[in-house]
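Student: One file is attached below, my_file-v7.pdb, containing PDB, C-alpha atoms and all ligand atoms.
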```pdb
ATOM      1  CA  MET O   1       0.200  27.668  41.055
ATOM      2  CA  LYS O   2       2.967  28.889  38.766
ATOM      3  CA  SER O   3       2.133  29.570  35.160
ATOM      4  CA  ASN O   4       4.790  27.154  33.853
ATOM      5  CA  GLU O   5       3.287  24.413  36.000
ATOM      6  CA  LEU O   6      -0.149  25.132  34.589
ATOM      7  CA  SER O   7       1.294  25.216  31.080
ATOM      8  CA  HIS O   8       2.896  21.816  31.676
ATOM      9  CA  ASN O   9      -0.369  20.397  33.027
ATOM     10  CA  ILE O  10      -2.353  21.655  30.044
ATOM     11  CA  ASN O  11       0.144  19.988  27.705
ATOM     12  CA  VAL O  12      -0.062  16.724  29.624
ATOM     13  CA  VAL O  13      -3.864  16.733  29.464
ATOM     14  CA  TRP O  14      -3.843  17.477  25.722
ATOM     15  CA  GLU O  15      -1.337  14.654  25.151
ATOM     16  CA  ARG O  16      -3.711  12.303  26.989
ATOM     17  CA  ILE O  17      -6.623  13.523  24.849
ATOM     18  CA  LYS O  18      -4.638  13.114  21.628
ATOM     19  CA  LYS O  19      -3.575   9.601  22.523
ATOM     20  CA  ALA O  20      -7.167   8.605  23.291
ATOM     21  CA  CYS O  21      -8.217  10.147  19.968
ATOM     22  CA  ILE O  22      -5.604   8.123  18.114
ATOM     23  CA  ASN O  23      -6.786   4.953  19.895
ATOM     24  CA  SER O  24     -10.336   5.553  18.785
ATOM     25  CA  GLY O  25      -9.808   7.095  15.339
ATOM     26  CA  ARG O  26     -11.069  10.535  16.322
ATOM     27  CA  GLN O  27      -9.774  13.987  15.486
ATOM     28  CA  SER O  28      -8.509  15.765  18.584
ATOM     29  CA  SER O  29     -10.205  18.919  17.268
ATOM     30  CA  SER O  30     -13.516  17.183  18.024
ATOM     31  CA  VAL O  31     -12.800  17.309  21.776
ATOM     32  CA  ARG O  32     -12.953  20.497  23.833
ATOM     33  CA  LEU O  33     -11.239  20.884  27.176
ATOM     34  CA  LEU O  34     -13.309  22.568  29.864
ATOM     35  CA  ALA O  35     -11.321  23.760  32.880
ATOM     36  CA  ALA O  36     -13.283  23.010  36.059
ATOM     37  CA  SER O  37     -12.279  26.201  37.852
ATOM     38  CA  LYS O  38     -14.287  25.721  41.054
ATOM     39  CA  SER O  39     -12.288  26.749  44.136
ATOM     40  CA  ARG O  40      -9.753  28.530  41.884
ATOM     41  CA  PRO O  41      -9.344  32.298  42.075
ATOM     42  CA  PRO O  42      -9.834  34.613  39.073
ATOM     43  CA  GLU O  43      -6.049  34.927  38.709
ATOM     44  CA  GLU O  44      -5.813  31.225  37.877
ATOM     45  CA  VAL O  45      -8.627  31.517  35.364
ATOM     46  CA  ASP O  46      -6.710  34.398  33.812
ATOM     47  CA  ALA O  47      -3.486  32.375  33.699
ATOM     48  CA  ALA O  48      -5.346  29.497  32.035
ATOM     49  CA  ALA O  49      -6.913  31.927  29.546
ATOM     50  CA  ASN O  50      -3.452  33.301  28.741
ATOM     51  CA  LEU O  51      -2.451  29.738  27.917
ATOM     52  CA  GLY O  52      -5.326  29.379  25.474
ATOM     53  CA  LEU O  53      -8.175  27.857  27.516
ATOM     54  CA  ARG O  54     -11.572  29.397  26.785
ATOM     55  CA  LEU O  55     -14.051  27.022  28.413
ATOM     56  CA  PHE O  56     -14.551  27.155  32.178
ATOM     57  CA  GLY O  57     -16.932  25.307  34.493
ATOM     58  CA  GLU O  58     -18.302  26.210  37.904
ATOM     59  CA  ASN O  59     -20.467  24.074  40.145
ATOM     60  CA  LYS O  60     -21.896  26.704  42.501
ATOM     61  CA  VAL O  61     -23.795  29.831  41.549
ATOM     62  CA  GLN O  62     -22.627  31.655  44.649
ATOM     63  CA  GLU O  63     -18.974  31.147  43.771
ATOM     64  CA  ALA O  64     -19.601  31.971  40.116
ATOM     65  CA  ARG O  65     -21.288  35.224  41.125
ATOM     66  CA  ALA O  66     -18.161  36.292  42.982
ATOM     67  CA  LYS O  67     -15.714  35.092  40.357
ATOM     68  CA  ILE O  68     -17.014  35.502  36.816
ATOM     69  CA  PRO O  69     -17.326  39.328  36.928
ATOM     70  CA  LEU O  70     -13.639  39.460  37.915
ATOM     71  CA  CYS O  71     -12.560  37.408  34.904
ATOM     72  CA  ARG O  72     -11.947  38.702  31.405
ATOM     73  CA  SER O  73     -14.747  38.662  28.875
ATOM     74  CA  GLY O  74     -14.658  36.331  25.897
ATOM     75  CA  LEU O  75     -14.605  33.168  28.004
ATOM     76  CA  GLU O  76     -17.377  30.569  27.838
ATOM     77  CA  TRP O  77     -18.811  29.652  31.240
ATOM     78  CA  HIS O  78     -20.610  26.379  31.887
ATOM     79  CA  MET O  79     -22.632  25.532  34.977
ATOM     80  CA  ILE O  80     -21.698  21.936  35.813
ATOM     81  CA  GLY O  81     -23.132  21.497  39.337
ATOM     82  CA  HIS O  82     -26.661  20.946  40.594
ATOM     83  CA  LEU O  83     -28.677  24.118  40.033
ATOM     84  CA  GLN O  84     -31.135  25.053  42.768
ATOM     85  CA  LYS O  85     -34.354  26.596  41.554
ATOM     86  CA  ASN O  86     -33.859  29.768  43.606
ATOM     87  CA  LYS O  87     -30.526  30.394  41.797
ATOM     88  CA  VAL O  88     -31.952  30.339  38.288
ATOM     89  CA  ARG O  89     -31.912  34.107  37.796
ATOM     90  CA  ASP O  90     -28.214  34.448  38.593
ATOM     91  CA  ALA O  91     -27.379  31.314  36.626
ATOM     92  CA  VAL O  92     -29.038  32.673  33.472
ATOM     93  CA  ARG O  93     -27.222  35.953  33.931
ATOM     94  CA  LEU O  94     -23.796  34.367  34.511
ATOM     95  CA  PHE O  95     -23.553  31.275  32.328
ATOM     96  CA  ASP O  96     -23.453  30.570  28.596
ATOM     97  CA  VAL O  97     -24.384  26.917  29.041
ATOM     98  CA  ILE O  98     -26.172  24.997  31.811
ATOM     99  CA  GLU O  99     -24.882  21.420  31.592
ATOM    100  CA  SER O 100     -26.653  20.222  34.709
ATOM    101  CA  VAL O 101     -30.323  20.441  33.756
ATOM    102  CA  ASP O 102     -31.870  17.542  35.636
ATOM    103  CA  SER O 103     -35.627  18.129  35.594
ATOM    104  CA  LEU O 104     -38.340  19.480  33.321
ATOM    105  CA  GLU O 105     -39.323  21.878  36.069
ATOM    106  CA  LEU O 106     -35.831  23.388  36.146
ATOM    107  CA  ALA O 107     -35.835  23.721  32.354
ATOM    108  CA  GLN O 108     -39.194  25.508  32.510
ATOM    109  CA  LEU O 109     -37.790  27.988  35.026
ATOM    110  CA  LEU O 110     -34.718  28.538  32.838
ATOM    111  CA  GLU O 111     -36.924  29.125  29.794
ATOM    112  CA  ARG O 112     -38.991  31.698  31.646
ATOM    113  CA  GLU O 113     -35.935  33.468  33.054
ATOM    114  CA  ALA O 114     -34.107  33.483  29.699
ATOM    115  CA  ALA O 115     -37.179  35.149  28.170
ATOM    116  CA  GLU O 116     -37.213  37.634  31.029
ATOM    117  CA  GLN O 117     -33.567  38.508  30.366
ATOM    118  CA  GLY O 118     -34.095  38.577  26.610
ATOM    119  CA  ARG O 119     -31.540  35.923  25.833
ATOM    120  CA  LYS O 120     -31.084  32.395  24.583
ATOM    121  CA  LEU O 121     -29.421  29.696  26.607
ATOM    122  CA  ARG O 122     -27.780  26.412  25.661
ATOM    123  CA  ILE O 123     -28.485  23.492  27.950
ATOM    124  CA  TYR O 124     -27.457  19.836  28.292
ATOM    125  CA  ALA O 125     -29.482  17.163  30.027
ATOM    126  CA  GLN O 126     -27.577  15.654  32.938
ATOM    127  CA  VAL O 127     -28.128  11.910  33.008
ATOM    128  CA  ASN O 128     -27.636   9.648  36.000
ATOM    129  CA  VAL O 129     -26.483   6.698  33.913
ATOM    130  CA  SER O 130     -25.240   4.652  36.865
ATOM    131  CA  GLY O 131     -28.331   5.153  39.015
ATOM    132  CA  GLU O 132     -26.270   6.049  42.087
ATOM    133  CA  SER O 133     -28.586   7.666  44.607
ATOM    134  CA  SER O 134     -25.977  10.340  45.419
ATOM    135  CA  LYS O 135     -26.029  11.662  41.853
ATOM    136  CA  PHE O 136     -28.306  14.179  40.208
ATOM    137  CA  GLY O 137     -29.647  13.721  36.708
ATOM    138  CA  PHE O 138     -32.465  12.227  34.693
ATOM    139  CA  ARG O 139     -32.968   8.514  34.722
ATOM    140  CA  PRO O 140     -31.877   7.303  31.264
ATOM    141  CA  GLU O 141     -35.396   6.182  30.315
ATOM    142  CA  ARG O 142     -36.704   9.709  30.966
ATOM    143  CA  VAL O 143     -34.293  11.575  28.682
ATOM    144  CA  ARG O 144     -36.105  10.989  25.406
ATOM    145  CA  ASP O 145     -39.327  12.556  26.688
ATOM    146  CA  PHE O 146     -37.367  15.423  28.145
ATOM    147  CA  ALA O 147     -35.567  16.029  24.853
ATOM    148  CA  LEU O 148     -38.905  16.219  23.037
ATOM    149  CA  GLN O 149     -40.315  18.573  25.663
ATOM    150  CA  ALA O 150     -37.180  20.738  25.504
ATOM    151  CA  SER O 151     -37.465  21.006  21.729
ATOM    152  CA  GLU O 152     -40.642  23.042  22.277
ATOM    153  CA  PHE O 153     -38.849  25.766  24.222
ATOM    154  CA  SER O 154     -38.067  28.956  22.337
ATOM    155  CA  ARG O 155     -35.251  30.252  24.569
ATOM    156  CA  LEU O 156     -33.445  27.011  25.371
ATOM    157  CA  GLU O 157     -31.399  24.939  22.982
ATOM    158  CA  LEU O 158     -30.741  21.378  24.128
ATOM    159  CA  CYS O 159     -27.285  20.605  22.715
ATOM    160  CA  GLY O 160     -26.537  17.209  24.213
ATOM    161  CA  LEU O 161     -26.038  15.121  27.341
ATOM    162  CA  MET O 162     -23.760  15.286  30.361
ATOM    163  CA  THR O 163     -22.868  12.660  32.947
ATOM    164  CA  MET O 164     -20.544  11.856  35.816
ATOM    165  CA  ALA O 165     -19.356   8.276  36.186
ATOM    166  CA  PRO O 166     -19.175   6.734  39.670
ATOM    167  CA  TYR O 167     -15.820   7.333  41.313
ATOM    168  CA  SER O 168     -13.294   4.532  40.903
ATOM    169  CA  GLU O 169      -9.514   4.172  41.071
ATOM    170  CA  ASP O 170      -9.704   2.304  37.784
ATOM    171  CA  PRO O 171     -10.730   4.514  34.837
ATOM    172  CA  GLU O 172     -11.806   1.465  32.838
ATOM    173  CA  ARG O 173     -14.693   0.985  35.269
ATOM    174  CA  ALA O 174     -16.139   4.258  33.952
ATOM    175  CA  ARG O 175     -16.115   3.178  30.300
ATOM    176  CA  PRO O 176     -19.476   1.350  30.252
ATOM    177  CA  TRP O 177     -21.204   4.437  31.668
ATOM    178  CA  PHE O 178     -19.681   6.678  29.017
ATOM    179  CA  ARG O 179     -20.633   4.201  26.316
ATOM    180  CA  ARG O 180     -24.151   4.103  27.713
ATOM    181  CA  LEU O 181     -24.436   7.897  27.470
ATOM    182  CA  ARG O 182     -23.332   7.868  23.836
ATOM    183  CA  GLU O 183     -25.728   5.043  22.978
ATOM    184  CA  LEU O 184     -28.546   6.868  24.725
ATOM    185  CA  ARG O 185     -27.806  10.007  22.719
ATOM    186  CA  ASP O 186     -27.728   7.970  19.483
ATOM    187  CA  GLU O 187     -31.018   6.226  20.330
ATOM    188  CA  ILE O 188     -32.747   9.529  21.067
ATOM    189  CA  ALA O 189     -31.352  11.255  17.980
ATOM    190  CA  ASP O 190     -32.471   8.327  15.794
ATOM    191  CA  ALA O 191     -35.920   8.138  17.335
ATOM    192  CA  THR O 192     -36.657  11.867  17.342
ATOM    193  CA  GLY O 193     -34.493  13.409  14.628
ATOM    194  CA  LEU O 194     -33.158  15.890  17.184
ATOM    195  CA  HIS O 195     -29.576  17.099  16.790
ATOM    196  CA  LEU O 196     -27.702  16.427  20.048
ATOM    197  CA  PRO O 197     -24.024  16.782  19.182
ATOM    198  CA  GLU O 198     -22.518  17.319  22.627
ATOM    199  CA  LEU O 199     -21.438  14.635  25.108
ATOM    200  CA  SER O 200     -19.868  16.141  28.234
ATOM    201  CA  MET O 201     -18.188  13.290  30.088
ATOM    202  CA  GLY O 202     -14.813  12.426  31.598
ATOM    203  CA  MET O 203     -12.778  14.180  34.293
ATOM    204  CA  SER O 204      -9.127  14.147  35.409
ATOM    205  CA  GLY O 205      -9.146  10.479  36.350
ATOM    206  CA  ASP O 206     -11.167   9.000  33.512
ATOM    207  CA  LEU O 207     -10.803  11.231  30.474
ATOM    208  CA  GLU O 208      -9.279   8.531  28.233
ATOM    209  CA  PRO O 209     -12.257   6.143  28.205
ATOM    210  CA  ALA O 210     -14.565   9.161  27.910
ATOM    211  CA  VAL O 211     -12.782  10.437  24.795
ATOM    212  CA  GLU O 212     -12.606   6.932  23.342
ATOM    213  CA  GLU O 213     -16.367   6.592  23.851
ATOM    214  CA  GLY O 214     -17.140   9.889  22.141
ATOM    215  CA  ALA O 215     -16.861  12.795  24.609
ATOM    216  CA  THR O 216     -16.958  16.199  22.926
ATOM    217  CA  ILE O 217     -16.248  18.033  26.193
ATOM    218  CA  ILE O 218     -14.136  16.756  29.047
ATOM    219  CA  ARG O 219     -14.308  18.611  32.358
ATOM    220  CA  VAL O 220     -10.919  18.696  34.039
ATOM    221  CA  GLY O 221      -9.998  20.277  37.366
ATOM    222  CA  THR O 222      -7.257  18.653  39.412
ATOM    223  CA  ALA O 223      -5.158  17.469  36.439
ATOM    224  CA  LEU O 224      -4.850  21.138  35.418
ATOM    225  CA  PHE O 225      -4.806  23.046  38.681
ATOM    226  CA  GLY O 226      -3.681  20.478  41.248
ATOM    227  CA  PRO O 227      -5.621  19.337  44.339
ATOM    228  CA  ARG O 228      -8.676  21.404  45.182
ATOM    229  CA  ARG O 229      -8.802  23.983  47.938
ATOM    230  CA  THR O 230     -11.849  25.227  49.726
ATOM    231  CA  SER O 231     -13.835  27.485  47.442
ATOM    232  CA  ILE O 232     -13.237  31.229  47.303
ATOM    233  CA  THR O 233     -16.538  31.783  49.075
ATOM    234  CA  GLY O 234     -15.134  29.835  52.001
ATOM    235  CA  GLU O 235     -17.448  26.866  51.667
ATOM    236  CA  ALA O 236     -15.947  23.418  51.740
ATOM    237  CA  ASP O 237     -15.905  22.030  48.224
ATOM    238  CA  LEU O 238     -17.939  18.853  48.252
ATOM    239  CA  VAL O 239     -17.428  16.830  45.113
ATOM    240  CA  THR O 240     -20.817  15.293  44.556
ATOM    241  CA  GLY O 241     -22.877  14.705  41.460
TER     242      GLY O 241
HETATM  243  C1  LIG Y 301     -15.026  19.283  39.741
HETATM  244  C2  LIG Y 301     -15.766  18.681  38.630
HETATM  245  C3  LIG Y 301     -15.100  18.080  37.555
HETATM  246  C4  LIG Y 301     -13.587  17.972  37.488
HETATM  247  O1  LIG Y 301     -13.134  17.027  38.403
HETATM  248  P1  LIG Y 301     -11.571  16.659  38.503
HETATM  249  O2  LIG Y 301     -11.582  15.282  39.031
HETATM  250  O3  LIG Y 301     -10.950  17.644  39.393
HETATM  251  O4  LIG Y 301     -11.025  16.731  37.117
HETATM  252  C5  LIG Y 301     -15.870  17.575  36.530
HETATM  253  N1  LIG Y 301     -17.215  17.638  36.548
HETATM  254  C6  LIG Y 301     -17.899  18.186  37.564
HETATM  255  C7  LIG Y 301     -19.381  18.212  37.520
HETATM  256  C8  LIG Y 301     -17.198  18.724  38.638
HETATM  257  O5  LIG Y 301     -17.874  19.276  39.651
END
```
What would the structure in this file look like if it were written as structure tokens?
Ligand SMILES: *Cc1c(COP(=O)(O)O)cnc(C)c1O
Tutor:
Amino acid sequence: MKSNELSHNINVVWERIKKACINSGRQSSSVRLLAASKSRPPEEVDAAANLGLRLFGENKVQEARAKIPLCRSGLEWHMIGHLQKNKVRDAVRLFDVIESVDSLELAQLLEREAAEQGRKLRIYAQVNVSGESSKFGFRPERVRDFALQASEFSRLELCGLMTMAPYSEDPERARPWFRRLRELRDEIADATGLHLPELSMGMSGDLEPAVEEGATIIRVGTALFGPRRTSITGEADLVTG
């Protein structure tokens, strides 16, 4: 992809974010744009970084292991795909934030590994708000207990919640799921006093309702980089929860 194309796409996405912010009385500075860079080579990450993007998301540890060391430092890397327990060591080494924490057991492994590596790690709880069987994430009624359990960890900081809405041609169909995630966060924060500022929700096709419902991070791939290719590790890129 040419740099002027990418520059145009970034502007278009920010215009969409700003419009959604105006619609909902939010400041656009309260929304961060995460570039979902899966299947994109390091050169495209570099081009995006030259154009001011700092937040990048990968959904496979194997691909991240090949890519992140080739990218400049100073970027913030988020794991946004399902994390297998046998990939925890690499994930802790590679990522600043794990958005896709979907079980207490996984969090316990991350805590142990972060201690091992002498570092702290920010995490989000991934929530399966829609209950689709194809999606990973906590059931909504489990998140409060998890948040309380996570608050006991010394190496992990639970910063908020993440979700993926079911795929639909119509972005408005995603709105109730985004609203549900925000309400769930508010309920948990009220009940526990925990500070959970981040809501990672909304992608290329449904970022407007996500921003209007309170997203602090939107994860955007195709609207920035164009249609996905197979990943740089040669695996087919399956877009699943
Ligand atoms: C790929 C991906 C995105 C971005 O999807 P697009 O539709 O390309 O914007 C967002 N979130 C997750 C978890 C992803 O894997």
Student: Could you list, as a list in words, every residue matched by the PyMOL selection byres (((chain O and resi 218) around 10) and not hetatm) in this structure?
Tutor: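 Selection result, ordered by chain and number: Ile17, Val31, Arg32, Leu33, Leu34, Ala35, Ala36, Met162, Leu199, Ser200, Met201, Gly202, Met203, Ser204, Asp206, Leu207, Glu208, Ala210, Val211, Ala215, Thr216, Ile217, Arg219, Val220 and Gly221 of chain O.
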Student: Run the PyMOL selection byres (((chain O and resi 117-125) around 7) and not hetatm) on the file and write out the hits as a PDB file with C-alpha atoms, in the coordinates of the input.
Tutor:
```
ATOM      1  CA  ASP O  96     -23.453  30.570  28.596  1.00  0.00           C
ATOM      2  CA  VAL O  97     -24.384  26.917  29.041  1.00  0.00           C
ATOM      3  CA  ILE O  98     -26.172  24.997  31.811  1.00  0.00           C
ATOM      4  CA  GLU O  99     -24.882  21.420  31.592  1.00  0.00           C
ATOM      5  CA  SER O 100     -26.653  20.222  34.709  1.00  0.00           C
ATOM      6  CA  VAL O 101     -30.323  20.441  33.756  1.00  0.00           C
ATOM      7  CA  ASP O 102     -31.870  17.542  35.636  1.00  0.00           C
ATOM      8  CA  GLU O 113     -35.935  33.468  33.054  1.00  0.00           C
ATOM      9  CA  ALA O 114     -34.107  33.483  29.699  1.00  0.00           C
ATOM     10  CA  ALA O 115     -37.179  35.149  28.170  1.00  0.00           C
ATOM     11  CA  GLU O 116     -37.213  37.634  31.029  1.00  0.00           C
ATOM     12  CA  GLN O 126     -27.577  15.654  32.938  1.00  0.00           C
ATOM     13  CA  VAL O 127     -28.128  11.910  33.008  1.00  0.00           C
ATOM     14  CA  ARG O 155     -35.251  30.252  24.569  1.00  0.00           C
ATOM     15  CA  LEU O 156     -33.445  27.011  25.371  1.00  0.00           C
ATOM     16  CA  GLU O 157     -31.399  24.939  22.982  1.00  0.00           C
ATOM     17  CA  LEU O 158     -30.741  21.378  24.128  1.00  0.00           C
ATOM     18  CA  CYS O 159     -27.285  20.605  22.715  1.00  0.00           C
ATOM     19  CA  GLY O 160     -26.537  17.209  24.213  1.00  0.00           C
ATOM     20  CA  LEU O 161     -26.038  15.121  27.341  1.00  0.00           C
ATOM     21  CA  MET O 162     -23.760  15.286  30.361  1.00  0.00           C
TER      22      MET O 162
END
```
Student: Suppose you want the space between atom CA of Met1 of chain O and atom CA of Val13 of chain O; what is it in Å?
Tutor: 16.4 Å
Student: Which residues match the PyMOL selection byres (((chain O and resi 136) around 8) and not hetatm) in the file above, as a PyMOL selection string?
Tutor: chain O and resi 82+102+126-128+133-135+137-138+241
Student: When distances are computed from only C-alpha atoms and all ligand atoms, which of O:Val92, O:Leu181, O:Leu75, O:Ala165 shows the smallest separation from ligand LIG 301 (chain Y)?
Tutor: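 Residue with the minimum atom-to-atom distance to ligand LIG 301 (chain Y): O:Ala165.
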Student: Nearest to Glu212 of chain O: which of O:Asn9, O:Ser103, O:Asn59, O:Ser30 is it, counting all atoms listed in the file?
Tutor: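 Using all atoms listed in the file, the shortest distance to Glu212 of chain O belongs to O:Ser30.
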Student: For the atom pair atom CA of Arg228 of chain O and atom CA of Arg173 of chain O, what is the interatomic distance in Å to one decimal place?
Tutor: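 Computing the Euclidean distance for atom CA of Arg228 of chain O and atom CA of Arg173 of chain O yields 23.5 Å.
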Student: Between atom C1 of ligand LIG 301 (chain Y) and atom CA of Lys38 of chain O, what is the distance, to one decimal in Å?
Tutor: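 According to the coordinates, atom C1 of ligand LIG 301 (chain Y) and atom CA of Lys38 of chain O are separated by 6.6 Å.
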Student: From the structure block, carefully write segment 131-140 of chain O out with all heavy atoms; format it as a PDB file, in the first residue's frame.
Tutor:
```pdb
ATOM      1  N   GLY O 131     -22.769 -13.780  23.514  1.00  0.00           N
ATOM      2  CA  GLY O 131     -22.972 -15.200  23.798  1.00  0.00           C
ATOM      3  C   GLY O 131     -22.802 -16.110  22.596  1.00  0.00           C
ATOM      4  O   GLY O 131     -23.129 -17.293  22.664  1.00  0.00           O
ATOM      5  N   GLU O 132     -22.282 -15.589  21.495  1.00  0.00           N
ATOM      6  CA  GLU O 132     -22.032 -16.447  20.327  1.00  0.00           C
ATOM      7  C   GLU O 132     -21.026 -17.539  20.696  1.00  0.00           C
ATOM      8  O   GLU O 132     -19.978 -17.251  21.268  1.00  0.00           O
ATOM      9  CB  GLU O 132     -21.417 -15.631  19.191  1.00  0.00           C
ATOM     10  CG  GLU O 132     -22.376 -14.801  18.400  1.00  0.00           C
ATOM     11  CD  GLU O 132     -21.647 -14.126  17.243  1.00  0.00           C
ATOM     12  OE1 GLU O 132     -20.685 -13.393  17.493  1.00  0.00           O
ATOM     13  OE2 GLU O 132     -22.046 -14.360  16.095  1.00  0.00           O
ATOM     14  N   SER O 133     -21.316 -18.758  20.294  1.00  0.00           N
ATOM     15  CA  SER O 133     -20.443 -19.861  20.712  1.00  0.00           C
ATOM     16  C   SER O 133     -19.086 -19.794  20.015  1.00  0.00           C
ATOM     17  O   SER O 133     -18.111 -20.362  20.478  1.00  0.00           O
ATOM     18  CB  SER O 133     -21.115 -21.196  20.427  1.00  0.00           C
ATOM     19  OG  SER O 133     -21.357 -21.306  19.039  1.00  0.00           O
ATOM     20  N   SER O 134     -18.994 -19.073  18.895  1.00  0.00           N
ATOM     21  CA  SER O 134     -17.725 -18.977  18.171  1.00  0.00           C
ATOM     22  C   SER O 134     -16.770 -17.971  18.808  1.00  0.00           C
ATOM     23  O   SER O 134     -15.634 -17.847  18.391  1.00  0.00           O
ATOM     24  CB  SER O 134     -17.991 -18.548  16.730  1.00  0.00           C
ATOM     25  OG  SER O 134     -18.587 -17.260  16.714  1.00  0.00           O
ATOM     26  N   LYS O 135     -17.243 -17.227  19.809  1.00  0.00           N
ATOM     27  CA  LYS O 135     -16.417 -16.152  20.356  1.00  0.00           C
ATOM     28  C   LYS O 135     -15.809 -16.523  21.710  1.00  0.00           C
ATOM     29  O   LYS O 135     -16.440 -17.167  22.529  1.00  0.00           O
ATOM     30  CB  LYS O 135     -17.263 -14.887  20.507  1.00  0.00           C
ATOM     31  CG  LYS O 135     -17.567 -14.240  19.163  1.00  0.00           C
ATOM     32  CD  LYS O 135     -17.718 -12.759  19.288  1.00  0.00           C
ATOM     33  CE  LYS O 135     -17.541 -12.040  17.973  1.00  0.00           C
ATOM     34  NZ  LYS O 135     -18.100 -12.705  16.804  1.00  0.00           N
ATOM     35  N   PHE O 136     -14.591 -16.048  21.912  1.00  0.00           N
ATOM     36  CA  PHE O 136     -13.943 -16.203  23.202  1.00  0.00           C
ATOM     37  C   PHE O 136     -14.415 -15.091  24.136  1.00  0.00           C
ATOM     38  O   PHE O 136     -14.983 -14.096  23.706  1.00  0.00           O
ATOM     39  CB  PHE O 136     -12.425 -16.140  23.043  1.00  0.00           C
ATOM     40  CG  PHE O 136     -11.852 -17.330  22.340  1.00  0.00           C
ATOM     41  CD1 PHE O 136     -11.466 -17.257  21.007  1.00  0.00           C
ATOM     42  CD2 PHE O 136     -11.718 -18.534  23.017  1.00  0.00           C
ATOM     43  CE1 PHE O 136     -10.935 -18.370  20.357  1.00  0.00           C
ATOM     44  CE2 PHE O 136     -11.191 -19.651  22.375  1.00  0.00           C
ATOM     45  CZ  PHE O 136     -10.802 -19.562  21.035  1.00  0.00           C
ATOM     46  N   GLY O 137     -14.145 -15.248  25.402  1.00  0.00           N
ATOM     47  CA  GLY O 137     -14.434 -14.186  26.356  1.00  0.00           C
ATOM     48  C   GLY O 137     -15.232 -14.687  27.537  1.00  0.00           C
ATOM     49  O   GLY O 137     -15.852 -15.752  27.498  1.00  0.00           O
ATOM     50  N   PHE O 138     -15.182 -13.912  28.614  1.00  0.00           N
ATOM     51  CA  PHE O 138     -15.980 -14.234  29.798  1.00  0.00           C
ATOM     52  C   PHE O 138     -17.458 -14.042  29.493  1.00  0.00           C
ATOM     53  O   PHE O 138     -17.836 -13.126  28.765  1.00  0.00           O
ATOM     54  CB  PHE O 138     -15.633 -13.273  30.951  1.00  0.00           C
ATOM     55  CG  PHE O 138     -14.293 -13.504  31.571  1.00  0.00           C
ATOM     56  CD1 PHE O 138     -13.196 -12.728  31.195  1.00  0.00           C
ATOM     57  CD2 PHE O 138     -14.131 -14.479  32.543  1.00  0.00           C
ATOM     58  CE1 PHE O 138     -11.954 -12.921  31.778  1.00  0.00           C
ATOM     59  CE2 PHE O 138     -12.891 -14.678  33.138  1.00  0.00           C
ATOM     60  CZ  PHE O 138     -11.802 -13.900  32.748  1.00  0.00           C
ATOM     61  N   ARG O 139     -18.284 -14.859  30.116  1.00  0.00           N
ATOM     62  CA  ARG O 139     -19.701 -14.533  30.129  1.00  0.00           C
ATOM     63  C   ARG O 139     -19.875 -13.278  30.982  1.00  0.00           C
ATOM     64  O   ARG O 139     -19.171 -13.117  31.997  1.00  0.00           O
ATOM     65  CB  ARG O 139     -20.508 -15.700  30.712  1.00  0.00           C
ATOM     66  CG  ARG O 139     -20.667 -16.844  29.714  1.00  0.00           C
ATOM     67  CD  ARG O 139     -21.521 -17.979  30.285  1.00  0.00           C
ATOM     68  NE  ARG O 139     -20.774 -18.727  31.303  1.00  0.00           N
ATOM     69  CZ  ARG O 139     -21.189 -18.946  32.546  1.00  0.00           C
ATOM     70  NH1 ARG O 139     -22.367 -18.491  32.949  1.00  0.00           N
ATOM     71  NH2 ARG O 139     -20.451 -19.635  33.392  1.00  0.00           N
ATOM     72  N   PRO O 140     -20.784 -12.380  30.575  1.00  0.00           N
ATOM     73  CA  PRO O 140     -20.906 -11.097  31.293  1.00  0.00           C
ATOM     74  C   PRO O 140     -21.071 -11.273  32.808  1.00  0.00           C
ATOM     75  O   PRO O 140     -20.478 -10.519  33.586  1.00  0.00           O
ATOM     76  CB  PRO O 140     -22.162 -10.469  30.672  1.00  0.00           C
ATOM     77  CG  PRO O 140     -22.229 -11.045  29.301  1.00  0.00           C
ATOM     78  CD  PRO O 140     -21.680 -12.447  29.398  1.00  0.00           C
TER      79      PRO O 140
END
```
